[in-house]
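So this block is input.csv, CSV, C-alpha atoms and all ligand atoms:
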```csv
chain,number,residue,atom,x,y,z
A,1143,MET,CA,0.0,0.0,0.0
A,1144,LYS,CA,1.0,3.6,-0.4
A,1145,VAL,CA,1.2,6.5,2.1
A,1146,ARG,CA,2.2,10.1,1.6
A,1147,VAL,CA,5.0,11.5,3.7
A,1148,LYS,CA,5.8,15.2,4.1
A,1149,ALA,CA,9.2,15.9,5.5
A,1150,GLU,CA,11.7,18.7,5.3
A,1151,GLY,CA,9.6,20.6,2.8
A,1152,ARG,CA,9.3,17.7,0.4
A,1153,GLU,CA,6.3,15.5,-0.1
A,1154,ARG,CA,6.6,12.0,-1.5
A,1155,GLU,CA,4.7,8.7,-1.9
A,1156,VAL,CA,6.1,5.7,-0.1
A,1157,GLU,CA,5.3,2.1,-0.7
A,1158,VAL,CA,5.0,0.2,2.6
A,1159,ALA,CA,3.8,-3.3,3.6
A,1160,GLU,CA,0.4,-3.9,4.9
A,1161,GLY,CA,0.3,-3.4,8.7
A,1162,THR,CA,3.5,-1.3,8.9
A,1163,THR,CA,3.7,0.9,12.0
A,1164,VAL,CA,4.8,4.5,12.1
A,1165,GLY,CA,8.0,3.5,13.9
A,1166,ARG,CA,8.8,1.0,11.2
A,1167,LEU,CA,8.2,3.6,8.5
A,1168,LEU,CA,10.6,6.0,10.2
A,1169,GLU,CA,13.2,3.4,10.3
A,1170,GLU,CA,12.7,2.6,6.6
A,1171,LEU,CA,13.1,6.3,5.8
A,1172,GLY,CA,16.2,6.5,7.8
A,1173,TYR,CA,15.0,8.6,10.7
A,1174,ASP,CA,15.7,7.8,14.3
A,1175,ARG,CA,12.5,8.2,16.2
A,1176,GLU,CA,14.1,10.3,19.0
A,1177,SER,CA,14.8,13.1,16.6
A,1178,VAL,CA,11.3,13.5,15.1
A,1179,LEU,CA,7.6,13.7,15.8
A,1180,VAL,CA,5.0,12.4,13.4
A,1181,ARG,CA,1.8,14.3,12.7
A,1182,LYS,CA,-1.4,13.2,11.0
A,1183,GLY,CA,-3.5,16.2,10.4
A,1184,LYS,CA,-3.3,18.1,13.6
A,1185,LYS,CA,-2.7,15.1,15.8
A,1186,LEU,CA,0.5,13.6,16.9
A,1187,VAL,CA,0.8,9.8,16.3
A,1188,VAL,CA,2.7,7.3,18.4
A,1189,GLU,CA,5.2,4.9,16.8
A,1190,GLU,CA,3.0,1.9,17.5
A,1191,GLU,CA,0.2,3.1,15.3
A,1192,ARG,CA,-0.4,1.1,12.1
A,1193,LEU,CA,-0.6,2.9,8.8
A,1194,SER,CA,-3.5,2.6,6.4
A,1195,GLU,CA,-3.6,3.1,2.7
A,1196,GLY,CA,-3.5,6.6,1.4
A,1197,GLU,CA,-2.7,8.2,4.7
A,1198,GLU,CA,-0.8,11.5,4.9
A,1199,LEU,CA,1.9,11.9,7.5
A,1200,GLU,CA,4.2,14.7,8.3
A,1201,VAL,CA,7.6,14.1,9.8
A,1202,LEU,CA,8.9,17.0,11.9
A,1203,ARG,CA,12.5,17.3,13.1
A,1204,VAL,CA,12.5,18.4,16.7
A,1205,VAL,CA,16.2,18.6,17.5
A,1206,THR,CA,17.6,22.1,17.1
A,1207,GLY,CA,20.9,23.7,17.9
A,1208,GLY,CA,21.9,26.9,19.6
B,281,MET,CA,5.2,8.8,23.6
B,282,LEU,CA,2.4,6.6,24.8
B,283,LEU,CA,-0.2,9.1,25.9
B,284,CYS,CA,-3.1,10.8,24.2
B,285,ASP,CA,-3.2,14.5,23.2
B,286,ARG,CA,-5.0,15.4,26.4
B,287,CYS,CA,-3.0,13.4,28.9
B,288,PHE,CA,0.3,14.1,27.4
B,289,PRO,CA,0.5,17.9,28.1
B,290,ARG,CA,-0.7,17.2,31.6
B,291,SER,CA,2.1,14.7,32.1
B,292,VAL,CA,4.7,17.4,31.0
B,293,GLU,CA,3.1,19.9,33.3
B,294,ARG,CA,3.2,17.5,36.2
B,295,ARG,CA,6.9,16.7,35.8
B,296,PHE,CA,7.6,20.4,35.4
B,297,ARG,CA,5.8,21.3,38.6
B,298,LYS,CA,7.4,18.4,40.5
B,299,ALA,CA,10.9,19.8,39.6
B,300,VAL,CA,9.9,23.3,40.6
B,301,TYR,CA,8.5,22.2,44.0
B,302,GLU,CA,11.1,19.7,44.9
B,303,LYS,CA,14.1,22.0,44.2
B,304,ARG,CA,12.2,25.1,45.4
B,305,MET,CA,12.8,26.8,42.1
B,306,ALA,CA,10.1,29.5,42.6
B,307,LEU,CA,8.3,30.5,45.8
B,308,PRO,CA,5.3,32.8,46.4
B,309,GLY,CA,6.2,36.4,46.3
B,310,GLU,CA,9.5,35.8,44.4
B,311,LYS,CA,10.5,37.4,41.1
B,312,ILE,CA,11.9,34.8,38.8
B,313,GLY,CA,13.6,35.3,35.4
B,314,VAL,CA,13.1,33.0,32.4
B,315,ALA,CA,15.8,33.1,29.8
B,316,VAL,CA,14.0,33.0,26.5
B,317,SER,CA,15.8,32.5,23.2
B,318,GLY,CA,12.6,31.9,21.2
B,319,GLY,CA,13.2,28.2,20.6
B,320,LYS,CA,10.7,25.5,21.7
B,321,ASP,CA,12.3,24.8,25.0
B,322,SER,CA,12.4,28.3,26.3
B,323,ILE,CA,9.0,29.3,24.9
B,324,THR,CA,7.5,26.2,26.5
B,325,LEU,CA,9.2,27.0,29.8
B,326,LEU,CA,7.9,30.6,29.7
B,327,HIS,CA,4.4,29.4,29.3
B,328,LEU,CA,4.7,26.8,32.1
B,329,MET,CA,6.3,29.3,34.4
B,330,ALA,CA,3.9,32.1,33.7
B,331,GLU,CA,0.9,29.8,34.3
B,332,LEU,CA,2.3,28.3,37.5
B,333,GLY,CA,3.3,31.8,38.6
B,334,ARG,CA,-0.4,32.9,38.4
B,335,VAL,CA,-1.4,30.0,40.7
B,336,LYS,CA,1.5,30.1,43.1
B,337,LYS,CA,1.9,33.8,43.2
B,338,PHE,CA,5.4,34.3,41.9
B,339,ARG,CA,6.3,36.8,39.2
B,340,VAL,CA,7.9,36.0,36.0
B,341,VAL,CA,10.2,38.2,33.9
B,342,ALA,CA,11.3,37.1,30.4
B,343,LEU,CA,15.0,37.8,29.6
B,344,SER,CA,16.4,37.6,26.1
B,345,VAL,CA,19.8,38.3,24.6
B,346,ASP,CA,20.2,39.3,21.0
B,347,GLU,CA,23.6,38.0,20.1
B,348,GLY,CA,23.3,39.3,16.5
B,349,ILE,CA,23.2,36.1,14.4
B,350,LYS,CA,21.9,37.1,11.1
B,351,GLY,CA,19.1,34.9,9.7
B,352,TYR,CA,18.6,33.1,13.0
B,353,ARG,CA,18.1,35.2,16.0
B,354,GLU,CA,15.7,37.8,14.6
B,355,GLU,CA,12.8,35.4,14.0
B,356,ALA,CA,13.5,33.6,17.3
B,357,LEU,CA,13.2,36.9,19.1
B,358,THR,CA,9.9,37.7,17.4
B,359,CYS,CA,8.6,34.4,18.9
B,360,ALA,CA,9.9,35.4,22.3
B,361,ARG,CA,8.3,38.8,22.1
B,362,GLU,CA,5.0,37.4,21.1
B,363,ALA,CA,5.0,34.8,23.8
B,364,ALA,CA,5.8,37.3,26.5
B,365,SER,CA,3.2,39.7,25.4
B,366,SER,CA,0.5,37.1,25.0
B,367,LEU,CA,1.2,35.9,28.6
B,368,GLY,CA,1.4,39.5,29.9
B,369,VAL,CA,4.9,39.0,31.1
B,370,GLU,CA,7.5,41.7,31.3
B,371,HIS,CA,10.2,41.2,28.7
B,372,ARG,CA,13.7,42.6,28.8
B,373,VAL,CA,16.1,42.3,25.8
B,374,VAL,CA,19.7,43.3,25.6
B,375,SER,CA,22.0,42.9,22.6
B,376,PHE,CA,25.6,42.2,22.1
B,377,ARG,CA,25.8,45.2,19.8
B,378,GLU,CA,24.6,47.8,22.4
B,379,SER,CA,26.5,46.1,25.3
B,380,PHE,CA,29.8,45.2,23.6
B,381,GLY,CA,29.8,47.3,20.4
B,382,ALA,CA,29.6,44.4,18.0
B,383,THR,CA,27.2,41.6,17.0
B,384,LEU,CA,28.3,38.0,17.3
B,385,ASP,CA,28.6,37.9,13.5
B,386,GLU,CA,31.0,40.8,13.7
B,387,MET,CA,33.0,39.2,16.5
B,388,VAL,CA,33.3,36.0,14.4
B,389,ARG,CA,34.8,38.0,11.6
B,390,LEU,CA,37.1,39.9,14.0
B,391,ALA,CA,38.2,36.6,15.6
B,392,GLY,CA,39.2,35.4,12.2
B,393,GLU,CA,41.2,38.5,11.5
B,394,GLU,CA,42.9,38.6,14.9
B,395,GLY,CA,43.5,34.8,14.7
B,396,THR,CA,42.2,34.2,18.2
B,397,GLY,CA,41.5,30.6,17.3
B,398,LEU,CA,38.3,30.6,19.4
B,399,ASP,CA,35.0,29.4,18.0
B,400,PRO,CA,31.7,31.4,17.8
B,401,CYS,CA,30.1,29.4,20.6
B,402,THR,CA,32.8,30.4,23.1
B,403,TYR,CA,32.0,34.1,22.5
B,404,CYS,CA,28.3,33.5,22.4
B,405,GLY,CA,28.1,31.3,25.5
B,406,VAL,CA,30.4,33.4,27.8
B,407,MET,CA,28.9,36.7,26.8
B,408,ARG,CA,25.2,35.5,26.8
B,409,ARG,CA,25.7,34.2,30.4
B,410,TYR,CA,27.3,37.5,31.3
B,411,LEU,CA,24.4,39.6,30.0
B,412,LEU,CA,21.7,37.3,31.4
B,413,ASN,CA,23.3,37.5,34.8
B,414,ARG,CA,23.7,41.3,34.7
B,415,MET,CA,20.1,41.7,33.5
B,416,ALA,CA,18.8,39.4,36.2
B,417,ARG,CA,20.6,41.2,38.9
B,418,GLU,CA,19.6,44.6,37.7
B,419,ALA,CA,15.9,43.4,37.6
B,420,GLY,CA,16.2,42.2,41.2
B,421,LEU,CA,15.4,38.5,40.2
B,422,VAL,CA,16.2,35.8,42.7
B,423,ARG,CA,16.7,33.1,40.2
B,424,VAL,CA,16.8,32.5,36.4
B,425,ALA,CA,15.2,29.5,34.9
B,426,THR,CA,16.6,28.1,31.6
B,427,GLY,CA,15.0,25.8,29.2
B,428,HIS,CA,17.6,23.0,29.3
B,429,ASN,CA,15.9,19.7,28.7
B,430,LEU,CA,17.0,16.1,29.4
B,431,ASP,CA,18.8,15.9,26.0
B,432,ASP,CA,20.8,19.1,26.6
B,433,GLU,CA,21.8,17.9,30.0
B,434,VAL,CA,22.9,14.5,28.9
B,435,GLN,CA,24.8,16.0,26.0
B,436,ALA,CA,26.6,18.4,28.3
B,437,ILE,CA,27.5,15.5,30.6
B,438,LEU,CA,28.9,13.5,27.8
B,439,LEU,CA,30.7,16.4,26.1
B,440,ASN,CA,32.4,17.5,29.3
B,441,TYR,CA,33.3,13.8,29.9
B,442,LEU,CA,34.8,13.6,26.4
B,443,ARG,CA,36.8,16.8,26.9
B,444,GLY,CA,38.0,15.7,30.3
B,445,ASP,CA,36.6,18.9,31.8
B,446,LEU,CA,35.9,17.6,35.3
B,447,SER,CA,35.2,20.9,37.0
B,448,ARG,CA,32.6,21.9,34.4
B,449,LEU,CA,31.1,18.4,34.5
B,450,LEU,CA,30.6,18.6,38.3
B,451,ARG,CA,29.0,22.0,38.0
B,452,LEU,CA,26.1,20.6,36.0
B,453,GLY,CA,22.9,20.2,38.0
B,454,PRO,CA,19.3,21.1,38.3
B,455,ALA,CA,20.1,24.2,40.3
B,456,TYR,CA,23.2,26.3,40.7
B,457,SER,CA,24.1,27.6,44.1
B,458,SER,CA,24.2,31.3,44.6
B,459,ARG,CA,27.4,33.2,44.8
B,460,GLU,CA,27.8,36.9,45.4
B,461,GLY,CA,26.9,38.8,42.3
B,462,PHE,CA,25.7,35.8,40.4
B,463,VAL,CA,22.0,35.1,40.2
B,464,PRO,CA,21.4,31.3,40.6
B,465,ARG,CA,20.1,29.4,37.6
B,466,VAL,CA,17.6,26.6,37.7
B,467,LYS,CA,16.5,24.1,35.0
B,468,PRO,CA,12.9,23.0,35.5
B,469,LEU,CA,12.8,20.9,32.2
B,470,ARG,CA,15.9,19.0,33.0
B,471,GLU,CA,14.2,15.7,33.2
B,472,ILE,CA,11.9,16.1,30.2
B,473,PRO,CA,13.2,14.7,26.9
B,474,GLU,CA,13.6,17.2,24.1
B,475,ARG,CA,11.1,15.3,21.9
B,476,GLU,CA,8.5,15.7,24.6
B,477,VAL,CA,9.1,19.4,25.0
B,478,ALA,CA,8.7,19.7,21.3
B,479,ALA,CA,5.5,17.7,21.3
B,480,TYR,CA,4.1,19.8,24.1
B,481,ALA,CA,4.8,23.0,22.2
B,482,LEU,CA,3.2,21.6,19.1
B,483,LEU,CA,0.1,20.3,20.9
B,484,LYS,CA,-0.4,23.6,22.7
B,485,GLY,CA,0.0,25.5,19.4
B,486,LEU,CA,2.9,27.6,20.7
B,487,ARG,CA,4.7,29.6,18.1
B,488,VAL,CA,8.3,28.6,18.4
B,489,HIS,CA,11.4,29.1,16.3
B,490,LEU,CA,12.8,25.7,15.1
B,491,GLY,CA,15.8,26.9,13.1
B,492,GLN,CA,19.4,25.8,13.5
B,493,CYS,CA,22.1,28.2,14.5
B,494,PRO,CA,24.6,28.6,11.6
B,495,TYR,CA,27.4,28.3,14.1
B,496,ALA,CA,26.3,25.0,15.7
B,497,ARG,CA,29.5,23.1,16.0
B,498,GLY,CA,30.5,19.6,14.9
B,499,ILE,CA,31.0,17.4,18.0
B,500,HIS,CA,27.9,18.7,19.7
B,501,ALA,CA,25.7,17.6,16.9
B,502,GLU,CA,27.5,14.3,16.7
B,503,VAL,CA,27.0,13.6,20.4
B,504,ARG,CA,23.3,14.5,20.1
B,505,ASP,CA,22.8,12.2,17.1
B,506,PHE,CA,24.7,9.4,18.8
B,507,LEU,CA,22.5,9.7,21.9
B,508,ASN,CA,19.3,9.7,19.8
B,509,ARG,CA,20.3,6.6,17.9
B,510,LEU,CA,21.2,4.9,21.1
B,511,GLU,CA,17.9,5.9,22.7
B,512,SER,CA,15.9,4.8,19.7
B,513,ARG,CA,17.2,1.3,20.2
B,514,HIS,CA,17.7,1.2,23.9
B,515,PRO,CA,15.0,3.3,25.6
B,516,ASN,CA,15.9,5.1,28.8
B,517,CYS,CA,19.6,5.3,28.3
B,518,LYS,CA,19.5,9.1,28.5
B,519,PHE,CA,17.9,8.9,31.9
B,520,GLY,CA,20.6,6.3,32.8
B,521,VAL,CA,23.4,8.7,32.0
B,522,LEU,CA,21.7,11.4,34.1
B,523,ARG,CA,21.1,9.1,37.1
B,524,THR,CA,24.6,7.7,37.0
B,525,PHE,CA,26.1,11.1,36.8
B,526,GLU,CA,24.1,12.3,39.8
B,527,ARG,CA,25.2,9.4,41.9
B,528,LEU,CA,28.8,9.9,40.8
B,529,LYS,CA,28.5,13.6,41.7
B,530,GLU,CA,27.2,12.8,45.1
B,531,GLY,CA,30.1,10.5,45.7
B,532,LEU,CA,32.6,13.0,44.5
B,533,GLY,CA,31.0,16.0,46.1
B,534,GLU,CA,33.1,16.1,49.2
B,535,ASP,CA,36.4,16.0,47.4
B,536,ARG,CA,35.8,19.1,45.4
B,537,LYS,CA,38.0,22.1,45.9
B,538,PRO,CA,36.2,25.1,47.2
B,539,GLU,CA,35.5,27.6,44.4
B,540,ALA,CA,37.8,30.6,44.1
B,541,GLU,CA,36.6,33.8,45.8
B,542,LEU,CA,34.9,36.4,43.6
B,543,VAL,CA,36.0,39.9,43.1
B,544,GLY,CA,34.9,42.7,40.8
B,545,CYS,CA,36.4,42.7,37.3
B,546,GLU,CA,38.9,45.5,37.0
B,547,VAL,CA,37.4,46.6,33.7
B,548,CYS,CA,33.6,46.2,34.0
B,549,GLY,CA,33.0,45.4,37.7
B,550,GLU,CA,31.1,42.2,37.2
B,551,PRO,CA,32.0,39.3,39.6
B,552,THR,CA,34.9,37.1,38.5
B,553,PRO,CA,37.4,34.9,40.2
B,554,GLY,CA,40.3,36.5,38.3
B,555,ARG,CA,41.3,40.1,37.9
B,556,VAL,CA,39.6,40.5,34.6
B,557,CYS,CA,36.4,38.6,33.7
B,558,ARG,CA,36.2,36.2,30.8
B,559,THR,CA,34.0,38.5,28.8
B,560,CYS,CA,36.4,41.5,29.1
B,561,GLU,CA,39.3,39.2,28.2
B,562,LEU,CA,37.5,38.0,25.1
B,563,LEU,CA,36.5,41.5,24.1
B,564,LYS,CA,40.1,42.6,24.5
B,565,GLY,CA,41.3,39.8,22.3
B,566,LEU,CA,39.0,41.1,19.6
B,567,GLY,CA,40.2,44.7,20.0
B,568,LEU,CA,36.8,45.7,21.4
B,569,ARG,CA,38.0,46.8,24.8
C,1301,LIG,S1,25.3,27.3,18.5
C,1301,LIG,FE1,26.9,28.5,19.4
C,1301,LIG,S2,26.8,30.4,18.4
C,1301,LIG,FE2,24.9,29.4,18.0
C,1301,LIG,S3,23.5,30.1,19.6
C,1301,LIG,FE3,24.5,28.2,20.3
C,1301,LIG,S4,26.3,28.9,21.5
C,1301,LIG,FE4,25.6,30.6,20.2
```
As structure tokens, please, write out the structure in this file.
Ligand code: SF4
Amino acid sequence: MKVRVKAEGREREVEVAEGTTVGRLLEELGYDRESVLVRKGKKLVVEEERLSEGEELEVLRVVTGG
Amino acid sequence: MLLCDRCFPRSVERRFRKAVYEKRMALPGEKIGVAVSGGKDSITLLHLMAELGRVKKFRVVALSVDEGIKGYREEALTCAREAASSLGVEHRVVSFRESFGATLDEMVRLAGEEGTGLDPCTYCGVMRRYLLNRMAREAGLVRVATGHNLDDEVQAILLNYLRGDLSRLLRLGPAYSSREGFVPRVKPLREIPEREVAAYALLKGLRVHLGQCPYARGIHAEVRDFLNRLESRHPNCKFGVLRTFERLKEGLGEDRKPEAELVGCEVCGEPTPGRVCRTCELLKGLGLR
């Protein structure tokens, strides 16, 4: 199935296996989960949440410097 | 993060309050400073402190330092101003330029020309602390709270460890003791992970600046990423570092040398253990004093 991922100003479609969790998706995209938050619409989602077809997610980097 | 949108902010508020109460960071009738850079940590802290202050009857004053970092600090300070005014909190801002005659950007250029060999963060850190302390003392504040979160603290522990800087390492803590002329600093968010502070700010709809300072240095970011990778695979290792450090510090506490006595800096009069304070030394090296 496919989900849409918005991250660092880019949006793309990602093919994932049925039943993939948010945490697994982050790993596949090369993010470590400590550095990001994932948002679906206005809500934050936890890593355990399973994705469903066509969902739109936003990955926000939370670590900053200075 | 295992809590829902409603319970999660409450859990952050609870941990924040616990730190404030346990370490007696703010008491009724007191006037407490909050150092606000405009990033998520300090804006979150300002909100939490202002709200608690209303309930517990202490007053909050926001303090900001404009170092003069083009393309970075301006927007952050706008966030700080907005937050302070929406909360009805007094906000004091001082800049490197008006205090020292040059912005940090200009100092970095001068440091290159003079070949001081010092990095931007040295000037920035030393002089920001200097100004915050002076502002806090002039405003009659009893303490200054800073937005350091669990990640900042654990990174600082590891960095000082890697550099072998034992005296600086042992000075890290939730609250700094007071010394003549220095306003003590406290860190109410010290046990809250960075990611949770960010989630709180987001859920509360706080306007925060999320940019990266152009001078952020190498090893610092490497240590941060290393810890985050480790934590992703081995949850709670950040807390582990903090707890171990605290126990070590307790054990080492008695062996520490007493700190040098403070006198007034010969140039500016601010408290310092030497003849001339570090800020005046740095300014002299740049030809600004
Ligand atoms: S990264 Fe360095 S120069 Fe930038 S704000 Fe932090 S201490 Fe200052």
Per residue of chain B within 9 Å of chain A, note the shortest atom pair and the distance in Å to one decimal, counting only C-alpha atoms, and order the rows by chain and increasing residue number, as CSV.
```
residue,atom,partner,partner_atom,distance
B:Met281,CA,A:Val1188,CA,6.0
B:Leu282,CA,A:Val1188,CA,6.4
B:Leu283,CA,A:Val1188,CA,8.2
B:Cys284,CA,A:Leu1186,CA,8.6
B:Asp285,CA,A:Leu1186,CA,7.4
B:Gly319,CA,A:Thr1206,CA,8.3
B:Lys320,CA,A:Val1204,CA,8.9
B:Cys401,CA,A:Gly1208,CA,8.6
B:Glu474,CA,A:Val1205,CA,7.2
B:Arg475,CA,A:Val1204,CA,6.2
B:Ala478,CA,A:Val1204,CA,6.1
B:Ala479,CA,A:Leu1179,CA,7.1
B:Leu482,CA,A:Leu1186,CA,8.7
B:Leu483,CA,A:Lys1185,CA,7.8
B:Leu490,CA,A:Thr1206,CA,6.3
B:Gly491,CA,A:Thr1206,CA,6.5
B:Gln492,CA,A:Gly1207,CA,5.1
B:Cys493,CA,A:Gly1208,CA,5.3
B:Pro494,CA,A:Gly1208,CA,8.6
B:Tyr495,CA,A:Gly1208,CA,7.9
B:Ala496,CA,A:Gly1207,CA,6.0
B:Arg497,CA,A:Gly1207,CA,8.8
B:His500,CA,A:Gly1207,CA,8.8
B:Ala501,CA,A:Gly1207,CA,7.8
B:Arg504,CA,A:Val1205,CA,8.6
B:Asp505,CA,A:Ser1177,CA,8.1
B:Leu507,CA,A:Glu1176,CA,8.9
B:Asn508,CA,A:Glu1176,CA,5.3
B:Arg509,CA,A:Asp1174,CA,6.0
B:Glu511,CA,A:Glu1176,CA,6.9
B:Ser512,CA,A:Glu1176,CA,5.8
B:Arg513,CA,A:Asp1174,CA,8.9
```
List as a tab-separated table every residue of chain B that is in contact with ligand LIG 1301 (chain C), defined as an atom at most 12 Å from one of its atoms (using only C-alpha atoms and all ligand atoms), together with the nearest atom pair and the distance in Å rounded to one decimal, sorted by chain and then rising number.
```
residue	atom	partner	partner_atom	distance
B:Ser317	CA	C:LIG1301	S3	8.8
B:Gly318	CA	C:LIG1301	S3	11.2
B:Gly319	CA	C:LIG1301	S3	10.5
B:Val345	CA	C:LIG1301	S3	10.3
B:Asp346	CA	C:LIG1301	S3	9.9
B:Glu347	CA	C:LIG1301	FE4	7.7
B:Gly348	CA	C:LIG1301	S3	9.7
B:Ile349	CA	C:LIG1301	FE2	7.8
B:Lys350	CA	C:LIG1301	FE2	10.8
B:Gly351	CA	C:LIG1301	FE2	11.5
B:Tyr352	CA	C:LIG1301	S3	8.8
B:Arg353	CA	C:LIG1301	S3	8.3
B:Ala356	CA	C:LIG1301	S3	10.8
B:Phe376	CA	C:LIG1301	FE4	11.8
B:Thr383	CA	C:LIG1301	S2	11.3
B:Leu384	CA	C:LIG1301	S2	7.8
B:Asp385	CA	C:LIG1301	S2	9.1
B:Met387	CA	C:LIG1301	S2	10.9
B:Val388	CA	C:LIG1301	S2	9.5
B:Leu398	CA	C:LIG1301	S2	11.5
B:Asp399	CA	C:LIG1301	FE1	8.3
B:Pro400	CA	C:LIG1301	S2	5.0
B:Cys401	CA	C:LIG1301	FE1	3.5
B:Thr402	CA	C:LIG1301	S4	6.9
B:Tyr403	CA	C:LIG1301	S2	7.6
B:Cys404	CA	C:LIG1301	FE4	4.5
B:Gly405	CA	C:LIG1301	S4	5.0
B:Val406	CA	C:LIG1301	S4	8.8
B:Met407	CA	C:LIG1301	FE4	9.6
B:Arg408	CA	C:LIG1301	FE4	8.2
B:Arg409	CA	C:LIG1301	S4	10.4
B:Asp432	CA	C:LIG1301	FE3	11.7
B:Gly491	CA	C:LIG1301	S3	10.6
B:Gln492	CA	C:LIG1301	S1	7.9
B:Cys493	CA	C:LIG1301	FE2	4.6
B:Pro494	CA	C:LIG1301	FE2	6.5
B:Tyr495	CA	C:LIG1301	FE2	4.8
B:Ala496	CA	C:LIG1301	S1	3.8
B:Arg497	CA	C:LIG1301	S1	6.4
B:Gly498	CA	C:LIG1301	S1	10.0
B:Ile499	CA	C:LIG1301	S1	11.4
B:His500	CA	C:LIG1301	S1	9.1
B:Ala501	CA	C:LIG1301	S1	9.8
```
Query - One-decimal distance in Å that lies between atom CA of B:Glu293 and atom CA of B:Arg523 - result: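 Distance between the two atoms: 21.3 Å.
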Query raised in the report: Using all atoms listed in the file, which residues sit within 9 Å of B:Leu486 once same-chain residues fewer than 5 positions away are excluded, as a list in words?
Result: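 Final neighbour list, sorted by chain and number: Lys320, Ile323, Thr324, His327, Ala363, Tyr480 and Ala481 of chain B.
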Kindly save the residues from that selection, with C-alpha atoms included, as a PDB file, keeping the file's coordinate frame.
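again_0.pdb, written as the output of this step:
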```
ATOM      1  CA  LYS B 320      10.700  25.500  21.700  1.00  0.00           C
ATOM      2  CA  ILE B 323       9.000  29.300  24.900  1.00  0.00           C
ATOM      3  CA  THR B 324       7.500  26.200  26.500  1.00  0.00           C
ATOM      4  CA  HIS B 327       4.400  29.400  29.300  1.00  0.00           C
ATOM      5  CA  ALA B 363       5.000  34.800  23.800  1.00  0.00           C
ATOM      6  CA  TYR B 480       4.100  19.800  24.100  1.00  0.00           C
ATOM      7  CA  ALA B 481       4.800  23.000  22.200  1.00  0.00           C
TER       8      ALA B 481
END
```
Query raised in the report: Got a sec: who's within 8 Å of A:Arg1146, counting only C-alpha atoms, leaving out chain neighbours fewer than 5 positions off, as a list in words?
Result: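 Residues meeting the cut-off are Glu1153, Arg1154, Glu1155, Val1156, Gly1196, Glu1197, Glu1198 and Leu1199 of chain A.
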**Report entry** Two-atom distance - atom CA of B:Gln435, atom CA of B:Arg558 (Å)
**Finding:**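 Going from atom CA of B:Gln435 over to atom CA of B:Arg558, I get 23.7 Å.
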Requested in this report: Name the residues, using the chain letters and numbers of the file, that sit within 6 Å of (11.1, 30.9, 29.1) when counting all atoms listed in the file, and give them as a PyMOL selection string.
Outcome: chain B and resi 314-316+322-323+325-326
Query raised in the report: Using all atoms listed in the file, which of B:Gly427, B:Gly392, B:Gly565, B:Gly333 sits nearest B:Asp321?
Result: B:Gly427
**Report entry** Length of the atom CA of B:Leu563 to atom CA of B:Thr396 vector [Å]
**Finding:**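 Atom CA of B:Leu563 sits 11.0 Å away from atom CA of B:Thr396.
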**Report entry** Residues near A:Gly1151, cut-off 10 Å, all atoms listed in the file, skip fewer than 3 positions along chain, as a ChimeraX atom specification
**Finding:** /A:1148,1200-1202
**Report entry** Exercise: B:Gly453 partners within 12 Å, all atoms listed in the file, chain neighbours under 5 positions left out, as a VMD selection string
**Finding:** chain B and resid 303 426 428 to 430 432 to 434 436 to 437 448 464 to 471 522 to 523 525 to 527 529 to 530
